$ cat structure-v1.csv   # CSV, C-alpha atoms and all ligand atoms
chain,number,residue,atom,x,y,z
A,1065,MET,CA,-30.7,5.8,19.3
A,1066,VAL,CA,-27.6,3.7,19.8
A,1067,LEU,CA,-29.5,0.7,18.5
A,1068,GLN,CA,-30.5,2.5,15.4
A,1069,VAL,CA,-26.8,3.3,14.7
A,1070,LEU,CA,-25.8,-0.3,15.2
A,1071,LYS,CA,-28.6,-1.5,12.9
A,1072,LYS,CA,-27.7,0.8,10.1
A,1073,PRO,CA,-28.9,-1.0,7.0
A,1074,MET,CA,-27.0,-1.7,3.8
A,1075,LEU,CA,-28.4,0.1,0.7
A,1076,LEU,CA,-28.3,-1.5,-2.7
A,1077,ARG,CA,-28.9,0.3,-6.0
A,1078,LEU,CA,-30.6,-2.1,-8.4
A,1079,ARG,CA,-30.8,-2.2,-12.1
A,1080,ASP,CA,-34.0,-0.8,-13.7
A,1081,PRO,CA,-35.5,-2.7,-15.4
A,1082,LEU,CA,-34.6,-5.8,-13.4
A,1083,THR,CA,-35.2,-9.3,-14.8
A,1084,GLU,CA,-37.1,-11.7,-12.7
A,1085,SER,CA,-34.1,-13.9,-12.4
A,1086,GLU,CA,-31.9,-11.0,-11.3
A,1087,ARG,CA,-34.5,-10.0,-8.7
A,1088,ASP,CA,-34.8,-13.6,-7.4
A,1089,SER,CA,-31.0,-13.9,-7.1
A,1090,ILE,CA,-30.8,-10.7,-5.1
A,1091,PHE,CA,-33.6,-11.7,-2.7
A,1092,ARG,CA,-32.1,-15.2,-2.4
A,1093,LEU,CA,-28.7,-13.8,-1.4
A,1094,CYS,CA,-30.3,-11.4,1.1
A,1095,LYS,CA,-32.0,-14.4,2.8
A,1096,GLU,CA,-28.9,-16.5,2.7
A,1097,LEU,CA,-26.9,-13.8,4.4
A,1098,GLY,CA,-29.5,-13.3,7.0
A,1099,TYR,CA,-30.9,-9.9,5.9
A,1100,SER,CA,-34.5,-8.7,5.8
A,1101,TYR,CA,-35.1,-6.3,2.9
A,1102,GLN,CA,-37.6,-3.7,1.7
A,1103,PHE,CA,-37.6,-1.2,-1.1
A,1104,ARG,CA,-37.1,2.4,0.1
A,1105,ALA,CA,-40.5,4.3,0.0
A,1106,GLY,CA,-41.4,5.2,-3.5
A,1107,SER,CA,-38.3,3.6,-5.1
A,1108,LYS,CA,-37.9,0.5,-7.3
A,1109,GLU,CA,-34.2,0.9,-7.3
A,1110,LEU,CA,-33.1,1.3,-3.7
A,1111,LEU,CA,-33.3,-1.8,-1.7
A,1112,GLU,CA,-32.7,-1.4,2.1
A,1113,LEU,CA,-31.3,-4.3,4.0
A,1114,THR,CA,-31.4,-4.9,7.7
A,1115,GLY,CA,-29.3,-7.4,9.5
A,1116,GLY,CA,-25.9,-8.2,11.0
A,1117,GLY,CA,-23.6,-7.5,8.1
A,1118,ALA,CA,-20.0,-8.7,7.4
A,1119,PRO,CA,-17.1,-7.3,5.4
A,1120,SER,CA,-17.4,-10.0,2.8
A,1121,HIS,CA,-21.0,-9.1,1.9
A,1122,ARG,CA,-20.3,-6.0,-0.2
A,1123,SER,CA,-18.4,-8.0,-2.8
A,1124,LEU,CA,-21.0,-10.8,-2.8
A,1125,PHE,CA,-23.7,-8.3,-3.7
A,1126,GLU,CA,-21.5,-6.5,-6.2
A,1127,ASP,CA,-21.0,-9.7,-8.1
A,1128,LEU,CA,-24.7,-10.0,-9.0
A,1129,THR,CA,-25.7,-8.4,-12.4
A,1130,GLY,CA,-28.9,-7.0,-11.0
A,1131,ILE,CA,-27.0,-4.8,-8.6
A,1132,LEU,CA,-25.5,-1.6,-9.9
A,1133,SER,CA,-23.8,-0.6,-6.8
A,1134,VAL,CA,-23.7,-1.0,-3.0
A,1135,VAL,CA,-24.5,2.6,-2.1
A,1136,ASP,CA,-24.0,2.2,1.6
A,1137,ASN,CA,-22.2,-0.6,3.4
A,1138,GLY,CA,-24.1,-0.3,6.6
A,1139,GLN,CA,-22.4,-2.8,8.9
A,1140,ALA,CA,-20.9,-4.7,6.0
A,1141,ARG,CA,-17.8,-2.5,6.1
A,1142,GLU,CA,-14.7,-4.0,4.5
A,1143,LEU,CA,-11.6,-4.0,6.7
A,1144,ASN,CA,-9.8,-1.4,4.4
A,1145,MET,CA,-12.6,1.2,5.1
A,1146,ARG,CA,-12.1,3.9,7.6
A,1147,PRO,CA,-14.7,3.7,10.3
A,1148,VAL,CA,-16.9,6.8,10.2
A,1149,GLY,CA,-14.9,9.6,11.9
A,1150,GLY,CA,-12.2,7.0,12.8
A,1151,PRO,CA,-8.5,7.9,13.2
A,1152,ASP,CA,-5.6,7.1,11.0
A,1153,LEU,CA,-3.8,3.8,11.6
A,1154,VAL,CA,-0.2,4.6,12.7
A,1155,VAL,CA,2.1,1.8,11.5
A,1156,GLU,CA,5.3,1.8,13.5
A,1157,VAL,CA,8.4,-0.2,12.6
A,1158,ALA,CA,11.5,0.3,14.7
A,1159,GLY,CA,10.7,3.9,15.3
A,1160,ALA,CA,9.7,4.7,11.7
A,1161,ARG,CA,6.1,5.8,11.9
A,1162,PHE,CA,3.6,6.3,9.1
A,1163,GLY,CA,0.1,7.7,9.5
A,1164,GLY,CA,-1.6,10.2,11.8
A,1165,GLU,CA,0.8,13.0,12.7
A,1166,TRP,CA,3.7,11.0,11.4
A,1167,ALA,CA,5.2,10.6,7.9
A,1168,GLY,CA,8.4,8.7,7.0
A,1169,LEU,CA,10.9,8.8,4.2
A,1170,ILE,CA,12.0,5.5,2.7
A,1171,ALA,CA,15.1,5.7,0.5
A,1172,GLY,CA,17.7,3.6,-1.2
A,1173,PRO,CA,18.7,2.0,-4.5
A,1174,CYS,CA,16.2,0.3,-6.8
A,1175,ALA,CA,18.0,-3.0,-6.5
A,1176,VAL,CA,20.7,-4.3,-4.2
A,1177,GLU,CA,23.8,-4.6,-6.4
A,1178,ARG,CA,26.9,-4.1,-4.2
A,1179,ALA,CA,27.3,-4.4,-0.5
A,1180,ASP,CA,29.7,-1.4,-0.2
A,1181,ARG,CA,27.4,0.8,-2.3
A,1182,LEU,CA,24.3,-0.2,-0.3
A,1183,GLN,CA,26.1,0.6,2.9
A,1184,SER,CA,27.2,4.1,1.8
A,1185,ILE,CA,23.7,4.9,0.5
A,1186,ALA,CA,22.1,3.7,3.7
A,1187,GLU,CA,24.4,6.0,5.8
A,1188,ARG,CA,23.8,9.0,3.6
A,1189,VAL,CA,20.0,8.7,3.3
A,1190,LYS,CA,19.8,8.1,7.1
A,1191,ALA,CA,21.7,11.3,7.7
A,1192,ALA,CA,19.3,13.1,5.3
A,1193,GLY,CA,16.2,12.0,7.3
A,1194,ALA,CA,15.3,8.6,5.9
A,1195,CYS,CA,13.8,6.2,8.4
A,1196,VAL,CA,13.7,3.0,6.3
A,1197,LEU,CA,16.2,1.6,3.7
A,1198,ARG,CA,14.8,0.3,0.5
A,1199,GLY,CA,16.5,-2.1,-2.0
A,1200,GLY,CA,15.3,-5.0,-4.1
A,1201,ALA,CA,16.9,-8.4,-3.8
A,1202,TYR,CA,14.2,-10.0,-6.0
A,1203,LYS,CA,13.3,-7.7,-8.9
A,1204,PRO,CA,10.2,-7.9,-10.9
A,1205,ARG,CA,11.5,-6.9,-14.3
A,1206,THR,CA,9.4,-6.4,-17.4
A,1207,SER,CA,11.8,-8.5,-19.5
A,1208,PRO,CA,12.8,-11.8,-18.0
A,1209,TYR,CA,16.3,-11.2,-19.5
A,1210,SER,CA,16.9,-8.0,-17.5
A,1211,PHE,CA,18.8,-8.1,-14.2
A,1212,ARG,CA,16.4,-9.8,-11.7
A,1213,GLY,CA,18.2,-9.2,-8.5
A,1214,LEU,CA,20.8,-11.0,-6.4
A,1215,GLY,CA,18.2,-13.0,-4.4
A,1216,GLU,CA,19.5,-14.4,-1.1
A,1217,GLU,CA,22.9,-12.7,-1.6
A,1218,GLY,CA,21.0,-9.4,-1.8
A,1219,LEU,CA,19.0,-10.2,1.3
A,1220,ALA,CA,22.3,-10.8,3.2
A,1221,MET,CA,23.6,-7.4,2.1
A,1222,LEU,CA,20.4,-5.8,3.3
A,1223,ALA,CA,20.7,-7.5,6.7
A,1224,GLU,CA,24.3,-6.2,6.9
A,1225,ALA,CA,23.3,-2.6,6.1
A,1226,ARG,CA,20.5,-2.8,8.7
A,1227,ALA,CA,22.9,-4.1,11.3
A,1228,LYS,CA,25.4,-1.4,10.6
A,1229,THR,CA,23.1,1.6,10.3
A,1230,GLY,CA,20.1,0.5,12.4
A,1231,LEU,CA,17.8,1.4,9.5
A,1232,PRO,CA,14.8,-1.0,9.1
A,1233,ILE,CA,14.4,-2.5,5.7
A,1234,VAL,CA,11.8,-2.8,3.1
A,1235,THR,CA,12.3,-5.2,0.2
A,1236,GLU,CA,10.1,-6.9,-2.3
A,1237,VAL,CA,8.8,-10.4,-2.1
A,1238,LEU,CA,7.7,-11.8,-5.4
A,1239,ASP,CA,6.8,-15.4,-4.6
A,1240,PRO,CA,4.6,-16.8,-1.8
A,1241,ARG,CA,7.3,-19.5,-1.3
A,1242,ASP,CA,9.9,-16.8,-0.4
A,1243,VAL,CA,7.8,-15.1,2.3
A,1244,ASP,CA,9.7,-16.9,5.1
A,1245,ALA,CA,13.1,-16.3,3.7
A,1246,VAL,CA,12.5,-12.6,2.9
A,1247,GLY,CA,10.6,-12.2,6.2
A,1248,ALA,CA,13.6,-13.4,8.2
A,1249,VAL,CA,15.5,-10.3,7.0
A,1250,THR,CA,13.1,-7.6,6.1
A,1251,ASP,CA,11.1,-5.3,8.5
A,1252,ILE,CA,8.5,-4.5,5.8
A,1253,PHE,CA,7.5,-6.6,2.9
A,1254,GLN,CA,7.1,-4.8,-0.4
A,1255,VAL,CA,4.5,-6.0,-2.9
A,1256,GLY,CA,5.3,-4.5,-6.3
A,1257,SER,CA,3.0,-3.0,-8.8
A,1258,ARG,CA,3.2,-6.1,-11.0
A,1259,SER,CA,2.2,-8.3,-8.0
A,1260,MET,CA,-0.6,-6.3,-6.6
A,1261,ALA,CA,-3.2,-8.8,-7.8
A,1262,ASN,CA,-1.3,-11.9,-6.8
A,1263,ALA,CA,-3.9,-13.3,-4.4
A,1264,ALA,CA,-1.7,-16.2,-3.3
A,1265,LEU,CA,1.1,-13.8,-2.3
A,1266,LEU,CA,-1.3,-11.4,-0.5
A,1267,THR,CA,-2.9,-14.3,1.3
A,1268,GLU,CA,0.5,-15.6,2.5
A,1269,LEU,CA,1.4,-12.1,3.7
A,1270,GLY,CA,-1.9,-11.9,5.6
A,1271,LYS,CA,-0.4,-14.5,7.9
A,1272,SER,CA,2.7,-12.5,8.6
A,1273,ASN,CA,3.3,-10.2,11.6
A,1274,LYS,CA,5.3,-7.7,9.4
A,1275,PRO,CA,3.8,-4.7,7.7
A,1276,VAL,CA,3.2,-4.9,3.9
A,1277,LEU,CA,3.9,-2.0,1.6
A,1278,LEU,CA,1.5,-2.6,-1.2
A,1279,LYS,CA,2.0,-0.8,-4.4
A,1280,ARG,CA,-0.9,0.1,-6.7
A,1281,GLY,CA,-1.0,-2.0,-9.8
A,1282,MET,CA,-0.1,0.1,-12.8
A,1283,SER,CA,-3.5,-0.4,-14.3
A,1284,ALA,CA,-5.5,-0.9,-11.1
A,1285,THR,CA,-8.5,1.2,-10.1
A,1286,VAL,CA,-8.5,2.5,-6.6
A,1287,ARG,CA,-11.2,0.0,-5.7
A,1288,GLU,CA,-9.0,-2.9,-7.0
A,1289,PHE,CA,-6.1,-1.5,-5.0
A,1290,LEU,CA,-8.2,-1.5,-1.8
A,1291,LEU,CA,-9.4,-5.0,-2.4
A,1292,ALA,CA,-5.8,-6.2,-2.8
A,1293,ALA,CA,-5.1,-4.7,0.6
A,1294,GLU,CA,-8.2,-6.5,1.9
A,1295,TYR,CA,-6.6,-9.9,1.1
A,1296,VAL,CA,-3.8,-9.1,3.5
A,1297,LEU,CA,-6.2,-7.6,6.1
A,1298,MET,CA,-8.6,-10.5,6.1
A,1299,GLY,CA,-5.7,-12.8,7.0
A,1300,GLY,CA,-5.3,-10.9,10.2
A,1301,ASN,CA,-2.3,-8.7,9.2
A,1302,GLU,CA,-3.7,-5.2,10.0
A,1303,ARG,CA,-0.6,-3.3,8.9
A,1304,VAL,CA,-0.8,-2.5,5.2
A,1305,LEU,CA,0.8,0.6,3.8
A,1306,LEU,CA,-0.7,1.6,0.5
A,1307,CYS,CA,1.6,3.2,-2.1
A,1308,GLU,CA,0.6,5.2,-5.1
A,1309,ARG,CA,3.3,4.8,-7.7
A,1310,GLY,CA,1.7,6.1,-10.9
A,1311,VAL,CA,-0.7,4.5,-13.4
A,1312,ARG,CA,-0.4,3.8,-17.1
A,1313,SER,CA,-1.3,6.7,-19.2
A,1314,PHE,CA,-1.4,7.6,-22.9
A,1315,ASP,CA,1.4,10.1,-22.5
A,1316,LYS,CA,5.1,9.1,-22.4
A,1317,VAL,CA,6.4,12.4,-20.8
A,1318,THR,CA,6.5,10.6,-17.5
A,1319,ARG,CA,7.0,6.8,-17.0
A,1320,ASN,CA,3.6,6.7,-15.2
A,1321,LEU,CA,1.0,9.2,-14.3
A,1322,LEU,CA,1.2,10.0,-10.6
A,1323,ASP,CA,-2.4,9.9,-9.4
A,1324,VAL,CA,-2.4,12.7,-6.8
A,1325,GLY,CA,-6.2,12.6,-6.6
A,1326,ALA,CA,-6.0,9.0,-5.5
A,1327,ILE,CA,-3.7,9.9,-2.6
A,1328,ALA,CA,-6.1,12.5,-1.4
A,1329,HIS,CA,-9.1,10.2,-1.9
A,1330,LEU,CA,-7.5,7.3,-0.2
A,1331,LYS,CA,-6.7,9.4,2.9
A,1332,ARG,CA,-10.5,9.9,3.2
A,1333,VAL,CA,-11.8,6.4,2.6
A,1334,THR,CA,-9.2,4.3,4.4
A,1335,HIS,CA,-7.5,4.5,7.7
A,1336,LEU,CA,-4.4,2.8,6.3
A,1337,PRO,CA,-1.3,4.9,5.7
A,1338,VAL,CA,-0.9,6.1,2.2
A,1339,LEU,CA,2.6,6.5,0.7
A,1340,ALA,CA,3.8,7.8,-2.6
A,1341,ASP,CA,6.5,6.7,-4.9
A,1342,PRO,CA,7.5,9.7,-7.1
A,1343,SER,CA,10.5,7.8,-8.5
A,1344,HIS,CA,8.5,5.2,-10.4
A,1345,ALA,CA,5.8,7.7,-11.4
A,1346,ALA,CA,8.3,10.1,-12.9
A,1347,GLY,CA,10.8,7.6,-14.3
A,1348,ARG,CA,13.3,10.5,-14.6
A,1349,ARG,CA,15.2,12.1,-11.9
A,1350,ASP,CA,14.5,15.8,-12.8
A,1351,LEU,CA,10.8,15.4,-11.9
A,1352,VAL,CA,11.1,13.3,-8.7
A,1353,ARG,CA,11.3,16.3,-6.3
A,1354,ALA,CA,8.3,18.0,-7.8
A,1355,LEU,CA,6.2,14.9,-7.6
A,1356,ALA,CA,7.4,14.3,-4.1
A,1357,ARG,CA,6.2,17.8,-3.1
A,1358,ALA,CA,2.8,17.2,-4.7
A,1359,SER,CA,2.4,13.9,-3.0
A,1360,MET,CA,3.1,15.3,0.5
A,1361,ALA,CA,0.8,18.3,-0.1
A,1362,ALA,CA,-2.0,15.8,-1.1
A,1363,GLY,CA,-1.6,14.2,2.3
A,1364,ALA,CA,0.8,11.3,1.8
A,1365,ASP,CA,2.1,9.7,5.0
A,1366,GLY,CA,5.5,9.2,3.4
A,1367,LEU,CA,7.6,8.7,0.3
A,1368,ILE,CA,9.7,6.0,-1.1
A,1369,ILE,CA,12.5,7.4,-3.2
A,1370,GLU,CA,15.2,5.7,-5.3
A,1371,VAL,CA,18.6,7.2,-4.5
A,1372,HIS,CA,22.0,6.4,-6.1
A,1373,PRO,CA,25.2,8.5,-6.4
A,1374,ASP,CA,26.3,6.8,-9.6
A,1375,PRO,CA,23.2,5.8,-11.7
A,1376,GLY,CA,25.5,5.0,-14.6
A,1377,GLU,CA,26.6,1.8,-12.8
A,1378,VAL,CA,23.2,0.3,-12.0
A,1379,HIS,CA,21.2,-2.3,-13.8
A,1380,SER,CA,17.8,-1.2,-12.8
A,1381,ASP,CA,16.0,2.2,-12.9
A,1382,GLY,CA,19.1,4.4,-13.1
A,1383,ALA,CA,17.3,7.1,-15.0
A,1384,GLN,CA,15.1,7.9,-12.0
A,1385,ALA,CA,17.6,7.6,-9.2
A,1386,VAL,CA,18.2,11.0,-7.5
A,1387,SER,CA,21.5,12.1,-6.0
A,1388,PHE,CA,22.2,12.4,-2.3
A,1389,GLU,CA,21.9,16.2,-2.6
A,1390,GLU,CA,18.6,16.0,-4.3
A,1391,PHE,CA,17.3,13.6,-1.6
A,1392,GLU,CA,18.4,16.1,1.0
A,1393,ARG,CA,16.2,18.7,-0.8
A,1394,ILE,CA,13.3,16.3,-1.0
A,1395,SER,CA,13.6,15.6,2.7
A,1396,ALA,CA,13.7,19.4,3.5
A,1397,ASP,CA,10.6,19.9,1.3
A,1398,ALA,CA,8.8,17.1,3.1
A,1399,ARG,CA,9.6,18.6,6.5
A,1400,ALA,CA,8.3,22.0,5.4
A,1401,ILE,CA,5.1,20.7,3.9
A,1402,LEU,CA,4.4,18.4,7.0
A,1403,LYS,CA,4.8,21.4,9.2
A,1404,LEU,CA,2.1,23.3,7.4
A,1405,ASP,CA,-0.2,20.3,8.2
A,1406,GLY,CA,0.9,20.0,11.8
A,1407,ARG,CA,2.6,16.7,11.0
A,1408,ARG,CA,6.1,15.4,11.6
A,1409,LEU,CA,8.8,13.3,10.0
A,1410,SER,CA,9.7,10.2,11.9
A,1411,GLN,CA,13.1,8.7,12.5
A,1412,ALA,CA,14.3,5.1,12.9
A,1413,GLU,CA,15.3,4.3,16.4
A,1414,VAL,CA,16.9,0.9,16.1
A,1415,ALA,CA,20.4,0.9,17.5
A,1416,PRO,CA,22.9,-0.4,15.1
A,1417,ARG,CA,24.0,-3.9,16.2
A,1418,SER,CA,26.6,-6.4,15.4
A,1419,ASP,CA,24.6,-9.5,14.4
A,1420,SER,CA,23.2,-9.3,10.9
A,1421,THR,CA,19.6,-10.5,11.1
A,1422,ALA,CA,16.5,-8.5,11.5
A,1423,GLY,CA,15.3,-10.6,14.4
A,1424,GLY,CA,13.0,-13.5,14.0
A,1425,GLY,CA,10.7,-15.1,11.5
A,1426,ALA,CA,7.8,-13.5,9.7
A,1427,ARG,CA,4.9,-15.4,11.2
A,1428,LYS,CA,2.3,-13.7,13.3
A,1429,SER,CA,2.7,-14.0,17.0
A,1430,THR,CA,0.7,-11.0,18.2
A,1431,SER,CA,-2.1,-8.8,16.9
A,1432,SER,CA,-0.3,-5.7,18.2
A,1433,LEU,CA,0.2,-3.0,15.7
A,1434,LYS,CA,3.7,-2.3,16.9
A,1435,VAL,CA,6.8,-4.3,16.2
A,1436,ASP,CA,9.9,-4.3,18.4
A,1501,LIG,C1,10.6,-0.9,-7.2
A,1501,LIG,O1,10.2,-0.4,-6.2
A,1501,LIG,O2,11.8,-0.9,-7.6
A,1501,LIG,C2,9.5,-1.3,-8.2
A,1501,LIG,C3,9.8,-2.3,-9.0
A,1501,LIG,O3,8.4,-0.6,-8.1
A,1501,LIG,P1,7.0,-0.9,-8.8
A,1501,LIG,O4,6.5,-2.3,-8.4
A,1501,LIG,O5,6.1,0.2,-8.4
A,1501,LIG,O6,7.2,-0.9,-10.3
A,1502,MN,MN,12.8,0.6,-9.2

$ encode --input "structure-v1.csv" --output "structure tokens"
Amino acid sequence: MVLQVLKKPMLLRLRDPLTESERDSIFRLCKELGYSYQFRAGSKELLELTGGGAPSHRSLFEDLTGILSVVDNGQARELNMRPVGGPDLVVEVAGARFGGEWAGLIAGPCAVERADRLQSIAERVKAAGACVLRGGAYKPRTSPYSFRGLGEEGLAMLAEARAKTGLPIVTEVLDPRDVDAVGAVTDIFQVGSRSMANAALLTELGKSNKPVLLKRGMSATVREFLLAAEYVLMGGNERVLLCERGVRSFDKVTRNLLDVGAIAHLKRVTHLPVLADPSHAAGRRDLVRALARASMAAGADGLIIEVHPDPGEVHSDGAQAVSFEEFERISADARAILKLDGRRLSQAEVAPRSDSTAGGGARKSTSSLKVD
């Protein structure tokens, strides 16, 4: 019985009719990958494979034109896939926990612009229940002429805010060449929507020992999103946090269309934590709270929210920044919704300290899922 479970075959749905060349290519690939194969009784379309299986095999089969879909992965499960009946992965960073019974609030400005402002925002959002501080030092702007962040100066401001408040940090890395410099400061790497498909960046982050908050590309399907995560996972970095931030739509009422269905779906198909970014989905502050509530109700393991007390002074995403008071309401909502599900809000536990670095480089030294 146990053996039967281990030998669960992969099932391929083939095109009908199938050309001879397509069929030969499929059979050849089966042999190359070490599978034996046979058609399911009475079917010309369902090919059953028996053999070891590997995560990479699913995509190799999907690339062949004769194969409509991989119906069942058998043992060829990709790393992003939740093992059948398997638990959520809980990603923990300095006391902030995402997944399982835990959810976390990430909050802060869109971009790091002023040290004093960042500091006061960090203190206020922490008091309101945030467990991670957000803020971009390298900003991926649609126009190259827009404010593109303070770079290293911004990283230094983030390090200072972390040291003073004890809040761990998430900040975006845009370029594979910056992974070490950003990783020396940040606790979590953010990969933005515009970079989701940057294979070179994802591969580099796969070598890191710090978690990666991966945003869904604005036009990416859920499958493309999961395969982007796969790039990081296959490098050995198991701690990927997925983030739904809205997709392009025909309507301009909101900046993007928050895909609540994708949040609920992802919670089923992957063990990775799933966060939501209602700020970039809404694009306007009056809707952020409603979208935050919807995301948490759909099962999100956390939220990332842009907060600023004076949006008139900022150079990036001011229209969607919520006030401290609104963030407090969002935090209270999240607590209430989590309680309904038997879940909890996590809190950062890093003691504020006087030095201003996040502690160490970004390269992997352990396969543990926890970080100091
Ligand atoms: C951001 O978080 O400020 C950002 C640029 O988000 P996104 O990549 O989702 O557009
Ligand atoms: Mn932003």

$ residues_around --input "structure-v1.csv" --residues "Lys1203 of chain A" --least-positions-apart "3" --cutoff "7 Å" --atoms "only C-alpha atoms" --output "mmCIF file with C-alpha atoms, in the coordinates of the input"
data_model
loop_
_atom_site.group_PDB
_atom_site.id
_atom_site.type_symbol
_atom_site.label_atom_id
_atom_site.label_comp_id
_atom_site.auth_asym_id
_atom_site.auth_seq_id
_atom_site.Cartn_x
_atom_site.Cartn_y
_atom_site.Cartn_z
ATOM 1 C CA GLY A 1200 15.300 -5.000 -4.100
ATOM 2 C CA ARG A 1212 16.400 -9.800 -11.700
ATOM 3 C CA GLY A 1213 18.200 -9.200 -8.500
#

$ closest_residue --input "structure-v1.csv" --among "A:Ala1398, A:Ile1368, A:Leu1222, A:Leu1265" --to "ligand MN 1502 (chain A)" --atoms "all atoms listed in the file"
A:Ile1368

$ atom_distance --input "structure-v1.csv" --atom1 "atom O4 of ligand LIG 1501 (chain A)" --atom2 "atom CA of Val1255 of chain A"
6.9 Å

$ residues_near_ligand --input "structure-v1.csv" --ligand "ligand LIG 1501 (chain A)" --cutoff "6 Å" --atoms "only C-alpha atoms and all ligand atoms" --output "number ranges by chain"
A: 1174, 1204, 1256-1258, 1279, 1309, 1344

$ closest_atom_pairs --input "structure-v1.csv" --of "segment 1182-1250 of chain A" --to "segment 1141-1160 of chain A" --cutoff "10 Å" --atoms "only C-alpha atoms" --output "CSV"
residue,atom,partner,partner_atom,distance
A:Ala1194,CA,A:Ala1160,CA,9.0
A:Cys1195,CA,A:Ala1160,CA,5.5
A:Val1196,CA,A:Ala1160,CA,6.9
A:Gly1230,CA,A:Ala1158,CA,8.9
A:Leu1231,CA,A:Ala1158,CA,8.2
A:Pro1232,CA,A:Ala1158,CA,6.6
A:Ile1233,CA,A:Val1157,CA,9.4

$ write_last_selection --input "structure-v1.csv" --atoms "C-alpha atoms" --output "compact mmCIF listing (two decimals), in the coordinates of the input"
# COMPACT_ATOMS: atom_id res chain seq x y z
CA ALA A 1194 15.30 8.60 5.90
CA CYS A 1195 13.80 6.20 8.40
CA VAL A 1196 13.70 3.00 6.30
CA GLY A 1230 20.10 0.50 12.40
CA LEU A 1231 17.80 1.40 9.50
CA PRO A 1232 14.80 -1.00 9.10
CA ILE A 1233 14.40 -2.50 5.70

$ residues_around --input "structure-v1.csv" --residues "Ala1261 of chain A" --least-positions-apart "2" --cutoff "10 Å" --atoms "only C-alpha atoms" --output "list in words"
Val1255, Gly1256, Ser1257, Arg1258, Ser1259, Ala1263, Ala1264, Leu1265, Leu1266, Arg1280, Gly1281, Ala1284, Glu1288, Phe1289, Leu1291, Ala1292, Ala1293 and Tyr1295 of chain A

$ atom_distance --input "structure-v1.csv" --atom1 "atom CA of Glu1177 of chain A" --atom2 "atom CA of Asp1341 of chain A"
20.7 Å

$ atom_distance --input "structure-v1.csv" --atom1 "atom CA of Leu1097 of chain A" --atom2 "atom CA of Met1074 of chain A"
12.1 Å

$ residues_around --input "structure-v1.csv" --residues "Gly1406 of chain A" --least-positions-apart "5" --cutoff "12 Å" --atoms "only C-alpha atoms" --output "number ranges by chain"
A: 1164-1167, 1363, 1399-1401

$ write_last_selection --input "structure-v1.csv" --atoms "C-alpha atoms" --output "mmCIF file, in the coordinates of the input"
data_model
loop_
_atom_site.group_PDB
_atom_site.id
_atom_site.type_symbol
_atom_site.label_atom_id
_atom_site.label_comp_id
_atom_site.auth_asym_id
_atom_site.auth_seq_id
_atom_site.Cartn_x
_atom_site.Cartn_y
_atom_site.Cartn_z
ATOM 1 C CA GLY A 1164 -1.600 10.200 11.800
ATOM 2 C CA GLU A 1165 0.800 13.000 12.700
ATOM 3 C CA TRP A 1166 3.700 11.000 11.400
ATOM 4 C CA ALA A 1167 5.200 10.600 7.900
ATOM 5 C CA GLY A 1363 -1.600 14.200 2.300
ATOM 6 C CA ARG A 1399 9.600 18.600 6.500
ATOM 7 C CA ALA A 1400 8.300 22.000 5.400
ATOM 8 C CA ILE A 1401 5.100 20.700 3.900
#

$ closest_residue --input "structure-v1.csv" --among "A:Ser1283, A:Gln1384, A:Thr1129, A:Thr1206" --to "ligand MN 1502 (chain A)" --atoms "only C-alpha atoms and all ligand atoms"
A:Gln1384

$ closest_residue --input "structure-v1.csv" --among "A:Ala1223, A:Met1360, A:Leu1306, A:Ala1383" --to "ligand MN 1502 (chain A)" --atoms "only C-alpha atoms and all ligand atoms"
A:Ala1383

$ closest_residue --input "structure-v1.csv" --among "A:Ala1340, A:Leu1404, A:Leu1214, A:Leu1076" --to "Ser1123 of chain A" --atoms "only C-alpha atoms"
A:Leu1076

$ closest_residue --input "structure-v1.csv" --among "A:Thr1285, A:Ser1410, A:Thr1083, A:Gln1254" --to "ligand MN 1502 (chain A)" --atoms "only C-alpha atoms and all ligand atoms"
A:Gln1254

$ closest_residue --input "structure-v1.csv" --among "A:Leu1278, A:Ile1170, A:Ala1175, A:Met1260" --to "ligand MN 1502 (chain A)" --atoms "only C-alpha atoms and all ligand atoms"
A:Ala1175

$ build_atoms --input "structure-v1.csv" --residues "segment 1364-1368 of chain A" --atoms "N, CA, C and O atoms" --output "PDB file, in the frame of the given file"
ATOM      1  N   ALA A1364       0.061  12.579   1.644  1.00  0.00           N
ATOM      2  CA  ALA A1364       0.800  11.300   1.800  1.00  0.00           C
ATOM      3  C   ALA A1364       1.437  11.182   3.143  1.00  0.00           C
ATOM      4  O   ALA A1364       1.923  12.167   3.698  1.00  0.00           O
ATOM      5  N   ASP A1365       1.463   9.951   3.661  1.00  0.00           N
ATOM      6  CA  ASP A1365       2.100   9.700   5.000  1.00  0.00           C
ATOM      7  C   ASP A1365       3.537   9.291   4.824  1.00  0.00           C
ATOM      8  O   ASP A1365       4.141   8.806   5.787  1.00  0.00           O
ATOM      9  N   GLY A1366       4.076   9.466   3.618  1.00  0.00           N
ATOM     10  CA  GLY A1366       5.500   9.200   3.400  1.00  0.00           C
ATOM     11  C   GLY A1366       5.816   8.996   1.977  1.00  0.00           C
ATOM     12  O   GLY A1366       4.932   9.007   1.114  1.00  0.00           O
ATOM     13  N   LEU A1367       7.113   8.880   1.720  1.00  0.00           N
ATOM     14  CA  LEU A1367       7.600   8.700   0.300  1.00  0.00           C
ATOM     15  C   LEU A1367       8.570   7.582   0.276  1.00  0.00           C
ATOM     16  O   LEU A1367       9.267   7.291   1.249  1.00  0.00           O
ATOM     17  N   ILE A1368       8.627   6.946  -0.883  1.00  0.00           N
ATOM     18  CA  ILE A1368       9.700   6.000  -1.100  1.00  0.00           C
ATOM     19  C   ILE A1368      10.427   6.462  -2.374  1.00  0.00           C
ATOM     20  O   ILE A1368       9.827   6.687  -3.431  1.00  0.00           O
TER      21      ILE A1368
END
